[in-house]
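Participant: Sharing run31.txt here; it has compact mmCIF, C-alpha atoms.
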```
# COMPACT_ATOMS: atom_id res chain seq x y z
CA MET A 1 15.74 -1.43 -8.86
CA CYS A 2 14.93 -3.64 -5.89
CA LEU A 3 17.98 -2.31 -4.12
CA ALA A 4 17.24 -1.61 -0.46
CA VAL A 5 19.66 -0.22 2.10
CA PRO A 6 19.70 -0.92 5.85
CA MET A 7 19.66 2.35 7.85
CA GLN A 8 19.09 2.99 11.54
CA LEU A 9 15.97 4.83 12.66
CA VAL A 10 17.17 7.72 14.84
CA SER A 11 13.89 9.57 15.36
CA ARG A 12 10.26 9.50 14.28
CA ASP A 13 7.28 11.81 14.20
CA GLU A 14 4.15 9.87 13.32
CA ASP A 15 4.59 8.54 9.76
CA LEU A 16 7.89 10.30 9.12
CA GLY A 17 11.23 9.02 10.33
CA VAL A 18 14.86 10.04 10.12
CA VAL A 19 17.27 7.22 9.29
CA GLU A 20 21.04 7.25 9.31
CA ILE A 21 23.97 5.22 8.08
CA ASP A 22 27.66 6.21 8.09
CA GLY A 23 26.71 9.78 9.01
CA VAL A 24 24.25 10.12 6.10
CA ARG A 25 20.74 11.09 7.21
CA ARG A 26 17.52 10.81 5.23
CA GLU A 27 13.88 11.44 5.87
CA VAL A 28 11.75 8.40 5.10
CA SER A 29 8.09 7.47 5.27
CA LEU A 30 7.14 4.83 7.83
CA MET A 31 3.72 4.31 6.25
CA LEU A 32 4.61 0.75 5.24
CA LEU A 33 6.16 -0.16 8.61
CA ALA A 34 4.10 1.68 11.21
CA ASP A 35 5.55 -0.18 14.21
CA ALA A 36 9.18 0.75 13.43
CA ALA A 37 11.00 1.63 16.65
CA VAL A 38 13.81 4.13 17.13
CA GLY A 39 17.14 2.27 17.22
CA GLU A 40 16.07 -0.47 14.79
CA TYR A 41 17.82 -1.01 11.47
CA LEU A 42 15.25 -0.64 8.70
CA LEU A 43 15.42 -1.60 5.05
CA ILE A 44 14.97 1.59 3.00
CA HIS A 45 13.69 1.50 -0.58
CA ALA A 46 12.62 4.54 -2.65
CA GLY A 47 12.03 6.75 0.38
CA TYR A 48 10.07 4.19 2.42
CA ALA A 49 10.97 1.74 5.15
CA ILE A 50 9.82 -1.63 3.76
CA GLY A 51 11.31 -4.04 6.29
CA ARG A 52 13.61 -4.44 9.24
CA VAL A 53 16.89 -6.21 9.91
CA ASP A 54 16.62 -8.90 12.57
CA GLU A 55 19.97 -8.61 14.37
CA ALA A 56 19.73 -11.99 16.09
CA GLU A 57 19.20 -13.70 12.71
CA ALA A 58 22.07 -11.70 11.18
CA LYS A 59 24.42 -12.80 13.97
CA GLU A 60 23.37 -16.42 13.56
CA THR A 61 24.15 -16.23 9.83
CA ILE A 62 27.57 -14.76 10.54
CA GLU A 63 28.28 -17.56 13.02
CA LEU A 64 27.39 -20.04 10.27
CA LEU A 65 29.69 -18.24 7.84
CA ARG A 66 32.51 -18.45 10.34
CA GLN A 67 32.11 -22.22 10.25
CA PHE A 68 32.21 -22.22 6.44
CA GLY A 69 35.40 -20.15 6.67
CA GLU A 70 37.01 -22.49 9.19
CA VAL A 71 36.22 -25.52 7.09
CA GLY A 72 37.83 -23.68 4.19
CA GLU A 73 40.96 -22.89 6.19
CA ALA A 74 41.28 -26.47 7.41
CA ALA A 75 40.96 -27.78 3.87
CA ARG A 76 43.61 -25.38 2.63
CA TRP A 77 46.19 -26.44 5.19
CA MET B 1 24.96 -3.19 14.17
CA VAL B 2 26.20 -6.16 12.23
CA GLU B 3 28.99 -5.20 9.83
CA PRO B 4 27.89 -6.00 6.26
CA GLY B 5 31.52 -6.91 5.41
CA ALA B 6 31.02 -10.13 7.36
CA PHE B 7 28.81 -11.34 4.52
CA ALA B 8 31.67 -10.95 2.05
CA ASP B 9 34.30 -12.59 4.26
CA PRO B 10 37.00 -14.08 1.97
CA ALA B 11 37.52 -17.23 4.08
CA ALA B 12 33.78 -17.91 4.09
CA VAL B 13 33.58 -17.29 0.32
CA ALA B 14 36.47 -19.73 -0.27
CA GLY B 15 34.92 -22.31 2.06
CA LEU B 16 31.56 -22.04 0.31
CA ALA B 17 33.16 -22.33 -3.14
CA ARG B 18 34.90 -25.55 -2.04
CA ARG B 19 31.67 -26.99 -0.70
CA ILE B 20 29.90 -26.16 -3.95
CA GLY B 21 32.67 -28.02 -5.77
CA ALA B 22 32.13 -31.05 -3.52
CA ALA B 23 28.35 -30.96 -4.05
CA ALA B 24 28.84 -30.58 -7.82
CA ALA B 25 30.96 -33.72 -7.88
CA ARG B 26 27.88 -35.65 -6.76
CA LEU B 27 25.67 -34.23 -9.53
CA PRO B 28 24.68 -36.63 -12.29
CA ARG B 29 24.81 -33.83 -14.90
CA ARG B 30 25.34 -30.13 -15.38
CA ILE B 31 22.73 -28.02 -13.58
CA THR B 32 21.38 -24.54 -14.30
CA ILE B 33 20.41 -22.13 -11.53
CA MET B 34 18.51 -18.98 -12.42
CA GLU B 35 18.34 -15.76 -10.43
CA VAL B 36 15.50 -13.37 -11.15
CA CYS B 37 16.57 -10.05 -9.67
CA GLY B 38 18.59 -7.30 -11.32
CA THR B 39 20.38 -6.63 -8.05
CA HIS B 40 21.49 -10.28 -7.96
CA THR B 41 22.61 -10.05 -11.60
CA ASN B 42 24.86 -7.16 -10.69
CA ALA B 43 26.08 -8.56 -7.37
CA ILE B 44 27.10 -11.84 -9.06
CA ALA B 45 28.87 -10.11 -11.95
CA ALA B 46 30.59 -7.49 -9.79
CA ALA B 47 31.97 -10.06 -7.34
CA GLY B 48 33.00 -12.43 -10.14
CA LEU B 49 31.11 -15.28 -8.48
CA ARG B 50 30.60 -17.21 -11.72
CA ARG B 51 34.34 -17.82 -11.84
CA LEU B 52 34.22 -19.58 -8.47
CA LEU B 53 31.74 -22.18 -9.71
CA PRO B 54 32.61 -25.55 -11.23
CA PRO B 55 31.70 -26.01 -14.94
CA THR B 56 28.81 -28.28 -13.92
CA VAL B 57 27.01 -25.42 -12.15
CA ARG B 58 25.67 -22.78 -14.54
CA LEU B 59 24.33 -19.56 -13.05
CA ILE B 60 22.09 -17.48 -15.31
CA ALA B 61 19.88 -14.41 -15.07
CA GLY B 62 16.16 -14.43 -15.80
CA PRO B 63 13.55 -11.67 -16.08
CA GLY B 64 14.62 -9.80 -12.93
CA CYS B 65 15.15 -6.26 -14.17
CA PRO B 66 11.82 -4.36 -14.17
CA VAL B 67 12.90 -1.83 -16.78
CA CYS B 68 14.16 -4.60 -19.07
CA VAL B 69 10.93 -6.58 -19.00
CA THR B 70 8.78 -3.50 -19.59
CA PRO B 71 7.52 -3.77 -23.17
CA VAL B 72 8.25 -0.99 -25.64
CA GLY B 73 4.51 -0.14 -25.85
CA TYR B 74 4.63 1.11 -22.24
CA VAL B 75 7.60 3.37 -22.99
CA ASP B 76 5.78 4.67 -26.08
CA ARG B 77 2.77 5.62 -23.95
CA ALA B 78 5.00 7.28 -21.34
CA GLU B 79 6.72 9.22 -24.10
CA ALA B 80 3.37 10.34 -25.56
CA LEU B 81 2.28 11.53 -22.10
CA SER B 82 5.50 13.49 -21.67
CA ARG B 83 4.78 15.34 -24.94
CA ARG B 84 1.27 16.21 -23.77
CA PRO B 85 0.80 19.89 -22.83
CA GLY B 86 0.38 20.55 -19.10
CA THR B 87 1.78 17.15 -18.17
CA THR B 88 4.84 16.34 -16.03
CA VAL B 89 6.19 12.80 -16.17
CA CYS B 90 8.11 11.60 -13.11
CA THR B 91 10.22 8.45 -13.22
CA PHE B 92 12.99 6.49 -11.56
CA GLY B 93 16.19 7.21 -13.50
CA ASP B 94 16.56 3.82 -15.17
CA LEU B 95 13.67 4.32 -17.55
CA LEU B 96 14.91 7.61 -19.00
CA ARG B 97 17.17 6.17 -21.70
CA VAL B 98 15.18 3.06 -22.59
CA PRO B 99 14.48 3.14 -26.33
CA SER B 100 10.86 3.71 -27.33
CA SER B 101 9.67 2.92 -30.85
CA THR B 102 10.81 6.33 -32.05
CA GLY B 103 13.14 7.83 -29.40
CA SER B 104 13.28 7.84 -25.62
CA LEU B 105 12.10 9.89 -22.65
CA GLU B 106 15.59 11.38 -22.53
CA ARG B 107 15.15 12.70 -26.05
CA VAL B 108 11.74 14.18 -25.23
CA ARG B 109 13.32 15.92 -22.25
CA ALA B 110 16.09 17.31 -24.44
CA GLU B 111 13.39 18.66 -26.74
CA GLY B 112 11.77 20.52 -23.86
CA GLY B 113 9.39 17.91 -22.46
CA ASP B 114 8.82 17.95 -18.70
CA VAL B 115 10.37 14.65 -17.62
CA ARG B 116 11.78 14.52 -14.09
CA ILE B 117 13.81 11.87 -12.31
CA VAL B 118 12.71 11.31 -8.73
CA TYR B 119 14.22 9.21 -5.96
CA SER B 120 10.86 8.36 -4.42
CA PRO B 121 7.21 8.35 -5.56
CA ARG B 122 6.70 10.74 -2.61
CA ASP B 123 8.74 13.34 -4.52
CA ALA B 124 6.25 13.11 -7.38
CA VAL B 125 3.35 13.75 -4.98
CA ALA B 126 5.20 16.84 -3.73
CA ILE B 127 5.67 18.07 -7.32
CA ALA B 128 1.92 17.61 -7.95
CA ARG B 129 1.05 19.45 -4.72
CA GLU B 130 3.24 22.43 -5.63
CA ASP B 131 1.79 22.78 -9.12
CA PRO B 132 -1.92 21.89 -9.04
CA ALA B 133 -2.47 23.09 -12.62
CA ARG B 134 -0.27 20.34 -14.07
CA THR B 135 -1.07 16.66 -14.42
CA VAL B 136 1.76 14.73 -12.77
CA VAL B 137 2.17 11.17 -13.99
CA PHE B 138 4.42 8.77 -12.09
CA LEU B 139 5.77 5.90 -14.19
CA GLY B 140 4.99 2.87 -12.07
CA VAL B 141 7.58 0.33 -13.13
CA GLY B 142 8.73 -2.23 -10.60
CA PHE B 143 8.13 -5.49 -8.78
CA GLU B 144 6.66 -6.32 -5.36
CA THR B 145 9.45 -4.39 -3.60
CA THR B 146 8.58 -1.11 -5.31
CA VAL B 147 4.81 -1.30 -5.79
CA PRO B 148 4.06 -0.66 -2.08
CA THR B 149 5.95 2.65 -2.26
CA ILE B 150 3.79 3.73 -5.21
CA ALA B 151 0.61 2.57 -3.46
CA ALA B 152 1.70 4.54 -0.36
CA ALA B 153 2.20 7.64 -2.54
CA LEU B 154 -1.34 7.16 -3.90
CA ALA B 155 -2.64 6.86 -0.33
CA GLU B 156 -0.86 10.09 0.56
CA ALA B 157 -2.31 11.86 -2.49
CA GLU B 158 -5.82 10.61 -1.61
CA ALA B 159 -5.51 11.58 2.07
CA SER B 160 -4.00 15.02 1.55
CA GLY B 161 -6.13 16.02 -1.44
CA VAL B 162 -3.70 16.02 -4.36
CA PRO B 163 -6.00 15.19 -7.30
CA ASN B 164 -3.40 15.78 -10.04
CA PHE B 165 -1.10 12.86 -9.08
CA LEU B 166 -1.62 9.90 -11.42
CA VAL B 167 0.16 6.59 -12.02
CA LEU B 168 0.85 4.80 -15.30
CA SER B 169 0.92 1.25 -14.01
CA GLY B 170 3.47 -1.11 -15.54
CA HIS B 171 3.87 -3.03 -12.28
CA LYS B 172 4.71 -6.69 -12.30
CA VAL B 173 4.81 -9.54 -9.79
CA MET B 174 7.33 -12.39 -9.79
CA PRO B 175 5.51 -15.68 -9.13
CA PRO B 176 3.59 -15.82 -12.47
CA PRO B 177 6.71 -15.51 -14.71
CA LEU B 178 8.53 -18.06 -12.54
CA ARG B 179 5.57 -20.35 -13.04
CA ALA B 180 5.73 -19.70 -16.80
CA LEU B 181 9.49 -20.40 -16.93
CA ALA B 182 9.20 -23.48 -14.70
CA GLY B 183 6.53 -24.93 -16.98
CA ASP B 184 8.29 -24.03 -20.26
CA PRO B 185 9.91 -27.17 -21.75
CA ASP B 186 12.36 -24.96 -23.70
CA VAL B 187 13.76 -23.40 -20.52
CA GLU B 188 16.24 -25.64 -18.74
CA VAL B 189 16.32 -24.56 -15.11
CA ASP B 190 16.93 -26.82 -12.11
CA GLY B 191 16.42 -24.28 -9.35
CA PHE B 192 15.82 -20.62 -8.61
CA LEU B 193 17.63 -18.08 -6.47
CA CYS B 194 14.58 -16.12 -5.34
CA PRO B 195 14.68 -12.32 -5.05
CA GLY B 196 15.50 -11.22 -1.50
CA HIS B 197 13.84 -7.83 -1.42
CA VAL B 198 10.72 -8.96 -3.30
CA SER B 199 10.50 -11.58 -0.55
CA VAL B 200 10.67 -8.90 2.16
CA ILE B 201 7.19 -7.93 0.93
CA THR B 202 5.76 -11.27 -0.25
CA GLY B 203 7.34 -13.53 2.38
CA TRP B 204 9.32 -16.63 1.39
CA LYS B 205 6.17 -18.77 1.29
CA ALA B 206 5.28 -17.06 -2.01
CA PHE B 207 7.84 -19.40 -3.65
CA SER B 208 6.61 -22.66 -2.11
CA PHE B 209 4.87 -23.53 -5.39
CA LEU B 210 8.23 -24.16 -7.09
CA PRO B 211 9.04 -27.40 -5.21
CA GLU B 212 5.38 -28.29 -4.67
CA GLU B 213 4.17 -27.95 -8.26
CA PHE B 214 7.34 -28.19 -10.35
CA ARG B 215 9.78 -30.13 -8.14
CA LEU B 216 12.27 -27.25 -8.45
CA GLY B 217 14.48 -25.96 -5.66
CA ALA B 218 14.00 -22.38 -4.44
CA ALA B 219 16.44 -20.48 -2.25
CA VAL B 220 15.56 -16.98 -1.06
CA VAL B 221 18.90 -15.17 -0.82
CA GLY B 222 20.40 -11.78 -0.07
CA PHE B 223 22.87 -9.80 -2.12
CA MET B 224 26.28 -10.26 -0.53
CA PRO B 225 28.70 -12.83 -2.03
CA THR B 226 28.17 -15.37 0.77
CA ASP B 227 24.37 -14.97 0.46
CA VAL B 228 24.45 -15.90 -3.23
CA LEU B 229 26.97 -18.74 -2.74
CA ARG B 230 24.94 -20.25 0.09
CA GLY B 231 21.96 -20.29 -2.28
CA VAL B 232 23.98 -21.99 -5.01
CA LEU B 233 25.32 -24.55 -2.50
CA GLU B 234 21.83 -25.25 -1.18
CA LEU B 235 20.38 -25.75 -4.68
CA ALA B 236 23.32 -27.94 -5.79
CA GLU B 237 22.93 -30.11 -2.68
CA GLN B 238 19.16 -30.33 -3.19
CA GLN B 239 19.76 -31.38 -6.78
CA ALA B 240 22.37 -33.98 -5.78
CA ALA B 241 19.92 -35.42 -3.25
CA ALA B 242 16.92 -35.04 -5.62
CA ALA B 243 15.06 -33.29 -2.79
CA PRO B 244 13.82 -29.88 -3.96
CA LYS B 245 12.36 -27.52 -1.38
CA VAL B 246 12.08 -23.82 -0.55
CA VAL B 247 14.59 -22.41 1.94
CA ASN B 248 14.98 -18.93 3.38
CA LEU B 249 18.69 -18.05 3.50
CA TYR B 250 17.98 -14.33 3.98
CA SER B 251 16.38 -14.73 7.38
CA ARG B 252 17.87 -11.47 8.64
CA VAL B 253 15.22 -9.59 6.64
CA VAL B 254 12.78 -12.11 5.11
CA THR B 255 9.91 -13.66 7.09
CA PRO B 256 7.43 -16.38 6.06
CA GLU B 257 4.56 -13.95 5.39
CA GLY B 258 6.42 -10.77 4.44
CA ASN B 259 5.26 -7.22 5.12
CA LEU B 260 1.49 -7.55 5.56
CA GLN B 261 1.00 -3.81 6.03
CA ALA B 262 2.69 -3.07 2.69
CA ARG B 263 0.66 -5.80 1.00
CA ALA B 264 -2.58 -4.30 2.34
CA VAL B 265 -1.74 -0.85 0.90
CA VAL B 266 -0.99 -2.45 -2.48
CA ASP B 267 -4.24 -4.41 -2.32
CA ARG B 268 -6.23 -1.25 -1.63
CA PHE B 269 -5.18 0.35 -4.94
CA PHE B 270 -4.18 -2.47 -7.27
CA ALA B 271 -5.67 -5.71 -8.58
CA PRO B 272 -3.98 -8.48 -10.60
CA GLU B 273 -4.25 -8.21 -14.37
CA ASP B 274 -2.65 -9.86 -17.39
CA THR B 275 0.41 -8.04 -18.62
CA VAL B 276 3.09 -8.34 -21.29
CA TRP B 277 6.73 -9.07 -20.45
CA ARG B 278 9.46 -8.41 -22.98
CA GLY B 279 10.76 -11.82 -24.03
CA LEU B 280 8.05 -13.80 -22.26
CA GLY B 281 4.87 -12.38 -23.81
CA SER B 282 1.57 -11.94 -21.97
CA ILE B 283 1.41 -13.76 -18.62
CA PRO B 284 -1.95 -14.12 -16.82
CA GLY B 285 -2.21 -12.26 -13.52
CA SER B 286 1.39 -11.03 -13.65
CA GLY B 287 0.57 -7.31 -13.58
CA LEU B 288 -1.02 -4.97 -11.07
CA GLY B 289 -3.50 -2.46 -12.50
CA LEU B 290 -5.34 0.31 -10.67
CA ARG B 291 -8.69 -0.73 -9.26
CA GLU B 292 -11.86 0.67 -10.86
CA GLU B 293 -12.59 2.92 -7.85
CA TYR B 294 -9.23 4.66 -8.38
CA ARG B 295 -9.71 5.19 -12.12
CA HIS B 296 -9.18 8.92 -11.52
CA ARG B 297 -5.56 8.05 -10.61
CA ASP B 298 -4.97 5.91 -13.69
CA ALA B 299 -2.84 7.66 -16.35
CA ALA B 300 -3.79 4.91 -18.83
CA THR B 301 -7.18 6.63 -19.09
CA ILE B 302 -5.57 9.77 -20.56
CA GLU B 303 -6.01 9.64 -24.31
CA VAL B 304 -2.77 10.01 -26.23
CA GLU B 305 -1.73 8.95 -29.68
CA VAL B 306 0.74 6.08 -29.67
CA CYS B 307 2.34 4.38 -32.65
CA GLU B 308 2.51 0.64 -33.30
CA PRO B 309 5.23 -0.59 -30.90
CA GLU B 310 8.51 -1.56 -32.55
CA GLU B 311 11.36 -3.40 -30.80
CA PRO B 312 14.91 -2.42 -31.83
CA ALA B 313 16.11 -4.44 -34.86
CA GLY B 314 18.53 -7.28 -34.12
CA CYS B 315 18.21 -6.94 -30.33
CA ARG B 316 18.06 -10.31 -28.52
CA CYS B 317 16.97 -8.93 -25.13
CA GLY B 318 13.98 -11.28 -25.18
CA GLU B 319 16.22 -14.37 -25.22
CA VAL B 320 18.58 -12.91 -22.62
CA LEU B 321 15.60 -12.35 -20.31
CA LYS B 322 14.57 -16.00 -20.58
CA GLY B 323 18.14 -17.10 -19.90
CA SER B 324 18.23 -18.91 -23.25
CA ILE B 325 21.36 -16.99 -24.31
CA ASP B 326 24.14 -15.21 -22.45
CA PRO B 327 24.65 -11.59 -23.61
CA PRO B 328 27.88 -12.26 -25.60
CA GLU B 329 25.85 -14.55 -27.88
CA CYS B 330 24.01 -11.48 -29.21
CA PRO B 331 25.89 -10.02 -32.19
CA LEU B 332 25.12 -6.47 -31.04
CA PHE B 333 26.69 -7.00 -27.56
CA ALA B 334 29.73 -4.77 -26.99
CA SER B 335 29.85 -3.91 -30.71
CA SER B 336 27.01 -1.56 -31.63
CA CYS B 337 25.24 -2.00 -28.25
CA THR B 338 27.16 -0.57 -25.29
CA PRO B 339 26.05 1.33 -22.17
CA ALA B 340 27.07 4.61 -23.85
CA SER B 341 24.86 3.95 -26.89
CA ALA B 342 22.53 1.17 -25.92
CA ILE B 343 20.16 -0.50 -28.34
CA GLY B 344 18.33 -2.88 -26.02
CA ALA B 345 16.77 -2.33 -22.61
CA CYS B 346 19.02 -4.98 -21.02
CA MET B 347 22.02 -2.77 -21.83
CA VAL B 348 20.35 0.55 -20.96
CA SER B 349 19.29 -0.26 -17.45
CA SER B 350 22.15 -0.37 -14.96
CA GLU B 351 20.45 -3.51 -13.64
CA GLY B 352 20.19 -5.23 -16.99
CA THR B 353 21.97 -8.51 -17.68
CA CYS B 354 23.80 -7.07 -20.72
CA ALA B 355 24.97 -4.03 -18.75
CA ALA B 356 26.25 -6.26 -15.92
CA TRP B 357 28.13 -8.49 -18.35
CA TYR B 358 29.52 -5.47 -20.18
CA ARG B 359 30.79 -3.85 -17.00
CA HIS B 360 32.19 -6.89 -15.26
CA GLU B 361 32.42 -9.99 -17.42
CA ARG B 362 32.99 -9.15 -21.05
CA TYR B 363 36.76 -9.77 -20.85
CA ALA B 364 36.14 -13.16 -19.29
CA ALA B 365 33.73 -13.83 -22.16
CA GLY B 366 36.44 -12.92 -24.69
CA ARG B 367 34.85 -9.69 -25.93
CA PRO B 368 36.88 -6.47 -26.24
```
Can you dump the structure from the file as structure tokens?

Facilitator:
Amino acid sequence: MCLAVPMQLVSRDEDLGVVEIDGVRREVSLMLLADAAVGEYLLIHAGYAIGRVDEAEAKETIELLRQFGEVGEAARW
Amino acid sequence: MVEPGAFADPAAVAGLARRIGAAAARLPRRITIMEVCGTHTNAIAAAGLRRLLPPTVRLIAGPGCPVCVTPVGYVDRAEALSRRPGTTVCTFGDLLRVPSSTGSLERVRAEGGDVRIVYSPRDAVAIAREDPARTVVFLGVGFETTVPTIAAALAEAEASGVPNFLVLSGHKVMPPPLRALAGDPDVEVDGFLCPGHVSVITGWKAFSFLPEEFRLGAAVVGFMPTDVLRGVLELAEQQAAAAPKVVNLYSRVVTPEGNLQARAVVDRFFAPEDTVWRGLGSIPGSGLGLREEYRHRDAATIEVEVCEPEEPAGCRCGEVLKGSIDPPECPLFASSCTPASAIGACMVSSEGTCAAWYRHERYAAGRP
């Protein structure tokens, strides 16, 4: 039930926003994230934006994962 | 945009599994890690992550599925409301088939009751606006992630003058049951994988009490395979070093303080109250009830006749929710209790531990 999906905010009109992922568009309420900016990836839950994805943090995590992967490869060979 | 597939990268998964094996070799004994989120339960089962772990690292599910922990008395009241003339009951889909003492909301709907599944609490406000003569009751079941959306719907109903939108609050918050489990001598848990999307609202600091008060590790994690495995690795390493602490491994969406705006909307409408959890009993301050000044929005004030609540006979949901048994240890599991004809809430809800095991792990557990 606590499933939340990252979708990109493509437009907003006051408290209502339009978000999109993979060509699917949805209208969501921005009442719980009033400072959401067009272009940001938001976390959507039950018709509301409840959070945002920090791209810099996401990239840092992926860099870390790459290192885990490399260690794995080295150990295998 | 960061591709989500990166968080399921096979080489990273394999590397993490090996590191967990290395950390486990340093453990003095078998450890148990509990997750407390239905979405984690499903992610772990669907990806088969348990099979990547060494036998000394046990990964179990706790009370993380909101529908599963909702006591039968709540469902009975919802059912009574749905039979009430002039009343429309709106709910998220998961609650529809949960057994009440005498039937289910699905059965009431089949008999002509006005029960509607909505995607968002906003949809229920729209239904109330379109039909002002009906009383529209939204079934408020959910944790910190969901409660702000229901509070926002209440704010919308207040602001736009929709008096016939009411909420039957069965909301729950996570820290009190974790506190109860951490302090229960019968529950053997060495660390918690903390719920990622609850933490989006509460902030990761909400789980600081686990190391501080109980010397238990706490890792806030996301829902992709590498997210979960990083949490397991962190907790295994903490355990090996006997140095429990709280760590945020879901930093791409979770901040220290969470979503303050969402928390303020919740605080406007709801106040902590004691509430009953299936399997855990009544836990002080673990519920969120409507504040006195919004009594006119509280569907619990509508008088309906409800029977004495009765849990399904033989169902061991309560023990599954505490992590004291795995689903295959229940004699009903995969015999008389299946997703198609479920007896217990943990099998009914798609997020339930029994449903996850049935779908993904029953062959591994040796059940047909």

Participant: Using all atoms listed in the file, pick whichever of B:Ile31, B:Val167, B:Cys337, B:Val253 has the shortest atom-to-atom distance to Thr61 in chain A.

Facilitator: B:Val253

Participant: Tell me, as a PyMOL selection string, which residues lie within 6 Å of range 84-98 of chain B, counting all atoms listed in the file; anything in the same chain fewer than 2 positions away does not count.

Facilitator: chain B and resi 81-82+104-106+114-118+134-139+345+348-349

Participant: Between CA of Glu351 in chain B and CA of Pro328 in chain B, measure the distance and give it in Å to one decimal.

Facilitator: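 Taking CA of Glu351 in chain B as the start and CA of Pro328 in chain B as the end point, the length is 16.6 Å.
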
Participant: Between B:Gly352, B:Gly161, B:Gly289, B:Pro272, which is the closest to chain A once you count only C-alpha atoms?

Facilitator: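 Closest to chain A, using only C-alpha atoms: B:Gly352.
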
Participant: List the spatial neighbours of Gly258 in chain B as a list in words - criterion: any atom at most 9 Å away, only C-alpha atoms, same-chain residues fewer than 5 positions off excluded.

Facilitator: Gly51 of chain A; Ser199, Val200, Ile201, Thr202, Gly203, Trp204, Lys205 and Arg263 of chain B

Participant: Name all residues at most 9 Å from range 62-71 of chain B (count only C-alpha atoms; drop same-chain ones fewer than 6 positions away) and give them as number ranges by chain.

Facilitator: A: 1-2; B: 34-41, 94-95, 98, 141-143, 170-172, 174, 177-178, 195, 276-280, 309, 311, 317-318, 320-324, 344-349, 351-353

Participant: Output the selection as a PDB file, in the coordinates of the input - C-alpha atoms for each residue.

Facilitator:
```pdb
ATOM      1  CA  MET A   1      15.740  -1.430  -8.860  1.00  0.00           C
ATOM      2  CA  CYS A   2      14.930  -3.640  -5.890  1.00  0.00           C
TER       3      CYS A   2
ATOM      4  CA  MET B  34      18.510 -18.980 -12.420  1.00  0.00           C
ATOM      5  CA  GLU B  35      18.340 -15.760 -10.430  1.00  0.00           C
ATOM      6  CA  VAL B  36      15.500 -13.370 -11.150  1.00  0.00           C
ATOM      7  CA  CYS B  37      16.570 -10.050  -9.670  1.00  0.00           C
ATOM      8  CA  GLY B  38      18.590  -7.300 -11.320  1.00  0.00           C
ATOM      9  CA  THR B  39      20.380  -6.630  -8.050  1.00  0.00           C
ATOM     10  CA  HIS B  40      21.490 -10.280  -7.960  1.00  0.00           C
ATOM     11  CA  THR B  41      22.610 -10.050 -11.600  1.00  0.00           C
ATOM     12  CA  ASP B  94      16.560   3.820 -15.170  1.00  0.00           C
ATOM     13  CA  LEU B  95      13.670   4.320 -17.550  1.00  0.00           C
ATOM     14  CA  VAL B  98      15.180   3.060 -22.590  1.00  0.00           C
ATOM     15  CA  VAL B 141       7.580   0.330 -13.130  1.00  0.00           C
ATOM     16  CA  GLY B 142       8.730  -2.230 -10.600  1.00  0.00           C
ATOM     17  CA  PHE B 143       8.130  -5.490  -8.780  1.00  0.00           C
ATOM     18  CA  GLY B 170       3.470  -1.110 -15.540  1.00  0.00           C
ATOM     19  CA  HIS B 171       3.870  -3.030 -12.280  1.00  0.00           C
ATOM     20  CA  LYS B 172       4.710  -6.690 -12.300  1.00  0.00           C
ATOM     21  CA  MET B 174       7.330 -12.390  -9.790  1.00  0.00           C
ATOM     22  CA  PRO B 177       6.710 -15.510 -14.710  1.00  0.00           C
ATOM     23  CA  LEU B 178       8.530 -18.060 -12.540  1.00  0.00           C
ATOM     24  CA  PRO B 195      14.680 -12.320  -5.050  1.00  0.00           C
ATOM     25  CA  VAL B 276       3.090  -8.340 -21.290  1.00  0.00           C
ATOM     26  CA  TRP B 277       6.730  -9.070 -20.450  1.00  0.00           C
ATOM     27  CA  ARG B 278       9.460  -8.410 -22.980  1.00  0.00           C
ATOM     28  CA  GLY B 279      10.760 -11.820 -24.030  1.00  0.00           C
ATOM     29  CA  LEU B 280       8.050 -13.800 -22.260  1.00  0.00           C
ATOM     30  CA  PRO B 309       5.230  -0.590 -30.900  1.00  0.00           C
ATOM     31  CA  GLU B 311      11.360  -3.400 -30.800  1.00  0.00           C
ATOM     32  CA  CYS B 317      16.970  -8.930 -25.130  1.00  0.00           C
ATOM     33  CA  GLY B 318      13.980 -11.280 -25.180  1.00  0.00           C
ATOM     34  CA  VAL B 320      18.580 -12.910 -22.620  1.00  0.00           C
ATOM     35  CA  LEU B 321      15.600 -12.350 -20.310  1.00  0.00           C
ATOM     36  CA  LYS B 322      14.570 -16.000 -20.580  1.00  0.00           C
ATOM     37  CA  GLY B 323      18.140 -17.100 -19.900  1.00  0.00           C
ATOM     38  CA  SER B 324      18.230 -18.910 -23.250  1.00  0.00           C
ATOM     39  CA  GLY B 344      18.330  -2.880 -26.020  1.00  0.00           C
ATOM     40  CA  ALA B 345      16.770  -2.330 -22.610  1.00  0.00           C
ATOM     41  CA  CYS B 346      19.020  -4.980 -21.020  1.00  0.00           C
ATOM     42  CA  MET B 347      22.020  -2.770 -21.830  1.00  0.00           C
ATOM     43  CA  VAL B 348      20.350   0.550 -20.960  1.00  0.00           C
ATOM     44  CA  SER B 349      19.290  -0.260 -17.450  1.00  0.00           C
ATOM     45  CA  GLU B 351      20.450  -3.510 -13.640  1.00  0.00           C
ATOM     46  CA  GLY B 352      20.190  -5.230 -16.990  1.00  0.00           C
ATOM     47  CA  THR B 353      21.970  -8.510 -17.680  1.00  0.00           C
TER      48      THR B 353
END
```

Participant: Extract, using all atoms listed in the file, all DNA, RNA and protein residues at most 7 Å from range 32-47 of chain A, discarding same-chain residues fewer than 2 positions from it, and format them as a list of chain:residue names.

Facilitator: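 The residues that qualify are A:Leu3, A:Ala4, A:Val5, A:Pro6, A:Met7, A:Gln8, A:Leu9, A:Val10, A:Ser11, A:Val28, A:Ser29, A:Leu30, A:Ala49, A:Ile50, A:Gly51, A:Arg52, A:Val53, B:Tyr119, B:Ser120, B:Thr149, B:Gln261, B:Ala262.
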